[in-house]
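Q: Sharing a structure, written as C-alpha cells. Questions coming.
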Amino acid sequence: MTLNPAFRWVLVLTVLVCTVLLCLGIGEEWINPFAANGQDAVILWELRWPRLLIAFSVGGLLALAGAWFQVLLGNPLAEPYVLGVAGSASVGAVAGLMIYPESAVVMSIGAFAGAWLGISIVMAFSHLGSGRMLLAGVVLAAFWSALLSLLLALLPKSGLGLAFSWMMGDLSHSDLPIPLLLLSWIVALGCGLLLSRSLDALLLGERHAEALGVEVKKQRNRLLLLASAVTAIAVTAAGTIGFVGLVVPHLMRLMFGSLHRAVLPASAIGGGILLMLADSVARTIVAPSELPVGVLTAMLGVPVFLFLLLRRS
Amino acid sequence: MNELIQASNLCLQRGNRQLLSGFSFSIQAGKITVILGPNGAGKSSLLLALAGLIPADGELLLNGVAITGYKRHELARDVAWQGELPPTEFGLTVKQRLLLAHGEDDCDMPPAALAMEIEDLLNRPLAELSSGERQRVELAALMLREAPVWLLDEPTTHLDLRHQAHCLKMMKKQAASGRTIVTVLHDLQQAAAVADSVILIDGNGSAQCGPANRMLTIGRLSTLFDTPLIGQGKLLIPDYGDGA
C-alpha cells in the first residue's frame, strides 16, 4: 500500500470509532448510542460498553502477544498459543471446575495458574534457542491436550457446559475487572514500544541482532515473559480465542511496514477492532443465544492462515 | 606497529571438533587480513569469535581490552560483522534494513546505496531480491556502520563480477582510510589482490598468520587445500590436470 503514514493512522482510528459505535448499537435490538434512554441506556452502559471494553482489550492483548511471538520464534505463523499456553490454561480451568464445578471464578483462577505453569515449563527451554523452544512448545501442547481430555472425561456433568464454553472462547464469563484489562493493554503496549528497537533488530535474526548491539538473551527472555503474561491475562479473561494473534499483526505489517514502533500500536488497536466485531456478531447472529466468539475468529482465521501458508511457500 | 586485535593461545571448538588449538596472532589497524582455509575449517567461527558472537578459550583483545569485557552495545560500536543473509519472512524493505543497521530513524543513505548500486531497490522488500542484490544490501548496511573494525564473511559471495570488483575496491578504500578489515574469502586471486596479511586455517586445529607475500605461495596453499595449484605471479588456480 502506498498510503501516507498519517492517513493510515487516521484510517485505523476512524475504523475504531465506527466499530465502537456499530458494536454499541447492534444487539438483539438496535440502540442509537447517541440517544439511548431508560432501559436502552441501561443495556448500553451496563451490558454493551463493558463487553466492548473486554473485547477491545483482550483482542489488543492477543494481537500484541502474536506480534511478539512471531518475532521471538522467527516464524510469521506463530501465535500466542503456539507454546502450549492455551492447553495448560485449559487444563488449569478444567482442574478448577473439578473442585467447584459451577464456579467461573475458580475456573479463571485455575486458568491463570495453568497458563503460568505452562509458561514456566517453556521458559526452562528458552536458553536452547527459538527453534527448540518452539519444538518444546508443540510437544507440551500435545501433552496438555491429552491431560485435558483425561480431565474432561472425569469432570462432573455440571461443569461441562462452562468448560466447553470457556475453551471455545467466550467473553460473557470474564471475571477479570475491566480496569485491570485496560491497564494491561496500556502497560503491554508501553513495554512493547520500549522494546521495539530490539524487536526490529530481531527481524534480522538473533545473530544479526546481537551484532547490532542487542543483548539477545536478555531481551528475548523479557519479551517471552511479557508475551506470556499478556497471553495468560487474555486467556484468563476470555478463554482460548484463536487466530486474532496470528492474523492482526500480519494485516498491520501489510499496512504499516515491518518496524514495531508502528506495528505494535496498530496491532493493539486492530486486535481490539477485530474482536469487538467478532463478539458483536457472536452475540447477535443467533440471539437471544450466543455463539462462542472463538468459533467466529477461527472461521475467519483458518482461511487467512492457509492463505498465508500458501503465499509463504 | 598498531596491533588492534591480539589473540593468544586461542582455542575454538564446534561440537566435539577442535577448530583452533592454541593459535596466537595479531591484526594491525588499517590493514586487510584475509582468512583462508578449506570448508568447515573454522574461518567463519573465527570471525564470530572476533565479533564476540561465540565464546572462545584463550585471550582475545580488542584495543588491549578483552572482547568478553565489552558490553554488547560497546562491541557493536567498534566492530561490524557481515555474515549470512538475514531472513526475509517479515517483509522488511531495503530501506528498513539499512535503517536497522544505522540504528537511527533516518540517515544519510544515498552514498552507501549508490556505492552498492541499490538506490533503485530502496522501497522493495528483501524477499523480492536476488541473493546477489541482497548481498549488496548487506554491504551497504555495513557501510552505514561507523565501526572501525569490519568482519566480513565471504563478502563477494553471490555477487557478479562487476560487483565483486566494487566490493574489493571498497574494502581497499576503507582500509586506506584507516578501517581494519578481517575477511573470509575463497577466491585466491581476490585474496592476493586485497590482503596485507593472511590467516591460514587447516581444519585440524592449527593455523598460521603472516604477511600476504609470505603466506600466499603455491606450496602453502596446495598443502592447505590438499590440491595441486599452478600459477604465475599472483594468479593461482587449481591444476585441473588438462595440461592448461
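Following the order of the C-alpha cells, first chain is A, next is B, and so on, with residues numbered from 1 inside each chain and ligands from 1 in the order they appear.
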Leaving out Ala55 of chain A and any residue of its chain fewer than 4 positions from it, which residues lie within 7 Å of it when counting only C-alpha atoms, given as a compact mmCIF listing (two decimals) with C-alpha atoms, in the first residue's frame?
A:
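Output file result-v7.txt follows:
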# COMPACT_ATOMS: atom_id res chain seq x y z
CA ARG A 51 -18.49 -6.22 26.92
CA GLY A 59 -8.22 -8.57 21.24
CA GLY A 272 -9.38 -4.81 19.56
CA LEU A 275 -12.55 -8.98 18.49
CA MET A 276 -15.22 -6.28 19.05
Q: Residues of chain A that have any atom at most 10 Å from an atom of chain B: could you tabulate them with the shortest-distance atom pair and the distance in Å to one decimal, using only C-alpha atoms, ordered by chain and increasing number, as JSON lines?
A:
{"residue": "A:Gln70", "atom": "CA", "partner": "B:Phe90", "partner_atom": "CA", "distance": 9.1}
{"residue": "A:Val71", "atom": "CA", "partner": "B:Phe90", "partner_atom": "CA", "distance": 8.4}
{"residue": "A:Gly74", "atom": "CA", "partner": "B:Glu89", "partner_atom": "CA", "distance": 8.2}
{"residue": "A:Asn75", "atom": "CA", "partner": "B:Glu89", "partner_atom": "CA", "distance": 7.6}
{"residue": "A:Pro76", "atom": "CA", "partner": "B:Glu89", "partner_atom": "CA", "distance": 6.7}
{"residue": "A:Leu77", "atom": "CA", "partner": "B:Glu89", "partner_atom": "CA", "distance": 9.9}
{"residue": "A:Arg197", "atom": "CA", "partner": "B:Gly103", "partner_atom": "CA", "distance": 8.4}
{"residue": "A:Ser198", "atom": "CA", "partner": "B:Leu100", "partner_atom": "CA", "distance": 9.9}
{"residue": "A:Asp200", "atom": "CA", "partner": "B:Leu100", "partner_atom": "CA", "distance": 7.2}
{"residue": "A:Ala201", "atom": "CA", "partner": "B:Leu100", "partner_atom": "CA", "distance": 6.4}
{"residue": "A:Leu202", "atom": "CA", "partner": "B:Pro86", "partner_atom": "CA", "distance": 9.9}
{"residue": "A:Leu203", "atom": "CA", "partner": "B:Phe90", "partner_atom": "CA", "distance": 6.8}
{"residue": "A:Leu204", "atom": "CA", "partner": "B:Pro86", "partner_atom": "CA", "distance": 5.0}
{"residue": "A:Gly205", "atom": "CA", "partner": "B:Pro86", "partner_atom": "CA", "distance": 6.3}
{"residue": "A:Glu206", "atom": "CA", "partner": "B:Pro86", "partner_atom": "CA", "distance": 9.5}
{"residue": "A:Arg207", "atom": "CA", "partner": "B:Leu53", "partner_atom": "CA", "distance": 7.3}
{"residue": "A:His208", "atom": "CA", "partner": "B:Pro86", "partner_atom": "CA", "distance": 7.4}
{"residue": "A:Ala209", "atom": "CA", "partner": "B:Leu100", "partner_atom": "CA", "distance": 9.3}
{"residue": "A:Glu210", "atom": "CA", "partner": "B:Leu53", "partner_atom": "CA", "distance": 7.2}
{"residue": "A:Ala211", "atom": "CA", "partner": "B:Ala76", "partner_atom": "CA", "distance": 5.8}
{"residue": "A:Leu212", "atom": "CA", "partner": "B:Ala76", "partner_atom": "CA", "distance": 5.4}
{"residue": "A:Gly213", "atom": "CA", "partner": "B:His73", "partner_atom": "CA", "distance": 4.0}
{"residue": "A:Val214", "atom": "CA", "partner": "B:Arg72", "partner_atom": "CA", "distance": 6.6}
{"residue": "A:Glu215", "atom": "CA", "partner": "B:Arg72", "partner_atom": "CA", "distance": 6.2}
{"residue": "A:Val216", "atom": "CA", "partner": "B:Arg72", "partner_atom": "CA", "distance": 9.3}
{"residue": "A:His250", "atom": "CA", "partner": "B:Phe90", "partner_atom": "CA", "distance": 8.7}
{"residue": "A:Arg253", "atom": "CA", "partner": "B:Gly91", "partner_atom": "CA", "distance": 7.7}
{"residue": "A:Leu254", "atom": "CA", "partner": "B:Gly91", "partner_atom": "CA", "distance": 8.2}
{"residue": "A:Gly257", "atom": "CA", "partner": "B:Leu92", "partner_atom": "CA", "distance": 7.2}
{"residue": "A:Ser258", "atom": "CA", "partner": "B:Leu92", "partner_atom": "CA", "distance": 5.7}
{"residue": "A:Leu259", "atom": "CA", "partner": "B:Gln96", "partner_atom": "CA", "distance": 7.7}
{"residue": "A:Arg312", "atom": "CA", "partner": "B:Glu89", "partner_atom": "CA", "distance": 8.1}
Q: Mind giving me the straight-line distance from atom CA of Ala153 of chain A to atom CA of Ala86 of chain A in Å, one decimal?
A: 18.7 Å
Q: Which residues are close to Trp166 of chain A, i.e. within 8 Å by only C-alpha atoms, leaving aside same-chain residues fewer than 3 positions away? Reply as an MDAnalysis selection string.
A: chainID A and resid 162:163 169:170 173 238:240
Q: If you count only C-alpha atoms, which residues fall within 12 Å of segment 1-5 of chain B, apart from same-chain ones fewer than 5 positions away, as a PyMOL selection string?
A: chain B and resi 24-31+33+47+49-51+59-67+78-79+148-151+178-182
Q: Quick one: residues within 10 Å of segment 32-47 of chain A, only C-alpha atoms counted, chain neighbours fewer than 4 positions away excluded, as a JSON list (two decimals) with N, CA, C and O atoms, in the first residue's frame?
A:
[["chain", "number", "residue", "atom", "x", "y", "z"],
["A", 20, "VAL", "N", -16.73, 0.90, 17.30],
["A", 20, "VAL", "CA", -17.29, 1.08, 18.65],
["A", 20, "VAL", "C", -18.77, 1.47, 18.54],
["A", 20, "VAL", "O", -19.63, 0.89, 19.21],
["A", 21, "LEU", "N", -19.07, 2.43, 17.68],
["A", 21, "LEU", "CA", -20.46, 2.90, 17.55],
["A", 21, "LEU", "C", -21.35, 1.77, 17.03],
["A", 21, "LEU", "O", -22.46, 1.55, 17.54],
["A", 22, "LEU", "N", -20.84, 1.05, 16.03],
["A", 22, "LEU", "CA", -21.62, -0.04, 15.45],
["A", 22, "LEU", "C", -21.89, -1.14, 16.49],
["A", 22, "LEU", "O", -23.01, -1.62, 16.65],
["A", 23, "CYS", "N", -20.84, -1.51, 17.21],
["A", 23, "CYS", "CA", -20.96, -2.61, 18.18],
["A", 23, "CYS", "C", -21.81, -2.21, 19.38],
["A", 23, "CYS", "O", -22.44, -3.07, 20.01],
["A", 24, "LEU", "N", -21.79, -0.93, 19.73],
["A", 24, "LEU", "CA", -22.68, -0.48, 20.80],
["A", 24, "LEU", "C", -24.13, -0.56, 20.34],
["A", 24, "LEU", "O", -25.04, -0.88, 21.11],
["A", 25, "GLY", "N", -24.34, -0.27, 19.07],
["A", 25, "GLY", "CA", -25.70, -0.21, 18.54],
["A", 25, "GLY", "C", -26.32, -1.56, 18.30],
["A", 25, "GLY", "O", -27.49, -1.80, 18.65],
["A", 26, "ILE", "N", -25.52, -2.49, 17.73],
["A", 26, "ILE", "CA", -26.15, -3.76, 17.34],
["A", 26, "ILE", "C", -26.30, -4.71, 18.52],
["A", 26, "ILE", "O", -25.50, -4.69, 19.47],
["A", 27, "GLY", "N", -27.32, -5.51, 18.46],
["A", 27, "GLY", "CA", -27.61, -6.48, 19.51],
["A", 27, "GLY", "C", -28.96, -7.08, 19.16],
["A", 27, "GLY", "O", -29.40, -7.01, 18.01],
["A", 51, "ARG", "N", -18.83, -5.11, 27.82],
["A", 51, "ARG", "CA", -18.49, -6.22, 26.92],
["A", 51, "ARG", "C", -17.54, -5.74, 25.81],
["A", 51, "ARG", "O", -16.60, -6.44, 25.42],
["A", 52, "LEU", "N", -17.82, -4.52, 25.33],
["A", 52, "LEU", "CA", -17.00, -3.94, 24.27],
["A", 52, "LEU", "C", -15.57, -3.69, 24.76],
["A", 52, "LEU", "O", -14.59, -3.97, 24.05],
["A", 172, "SER", "N", -18.46, -13.68, 27.79],
["A", 172, "SER", "CA", -19.56, -13.43, 28.72],
["A", 172, "SER", "C", -19.24, -13.88, 30.14],
["A", 172, "SER", "O", -19.91, -13.49, 31.08]]
Q: Leaving out segment 132-136 of chain A and any residue of its chain fewer than 6 positions from it, which residues lie within 7 Å of it when counting only C-alpha atoms, given as a list in words?
A: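 Residues meeting the cut-off are Leu73, Leu83, Val122, Phe125 and Ser126 of chain A.
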Q: Got a sec: who's within 7 Å of Phe23 of chain B, counting only C-alpha atoms, leaving out chain neighbours fewer than 3 positions off, as a list of chain:residue names?
A: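 Listing them by chain and then by number gives B:Ser8, B:Asn9, B:Leu10, B:Cys11, B:Leu20, B:Ser206, B:Ala207.
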Q: Residues of segment 4-215 of chain B classed as strand (DSSP E) by DSSP on the backbone are to be reported as a ChimeraX atom specification.
A: /B:4-14,17-28,32-36,57-62,65-66,79-82,149-153,180-184,197-201,207-211
Q: Could you write out, as number ranges by chain, all the residues of segment 5-144 of chain B that DSSP marks as alpha helix (DSSP H)?
A: B: 43-50, 72-78, 94-102, 110-115, 131-144
Q: Please measure the separation of atom CA of Glu29 of chain A and atom CA of Gly270 of chain A, giving the value in Å to one decimal.
A: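 Separating atom CA of Glu29 of chain A from atom CA of Gly270 of chain A is a distance of 26.2 Å.
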Q: For a test of reading the model, state the distance in Å between atom CA of Gly66 of chain A and atom CA of Val187 of chain A, rounded to one decimal.
A: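 These atoms are spaced 16.1 Å apart.
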Q: Counting only C-alpha atoms, which residue out of A:Leu154, A:Leu189, A:Ala124, A:Ile119 sits closest to Ala262 of chain A?
A: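 The shortest atom-to-atom distance to Ala262 of chain A comes from A:Leu189.
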Q: Can you work out which one of A:Leu155, A:Val247, A:Ala113, A:Met123 has the shortest atom-to-atom distance to Ile99 of chain A, counting only C-alpha atoms?
A: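 The answer is A:Leu155, which sits nearest to Ile99 of chain A.
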Q: Here is a test: counting only C-alpha atoms, which residue of A:Leu274, A:Leu171, A:Ile178, A:Pro80 is nearest to Val15 of chain A?
A: A:Leu274
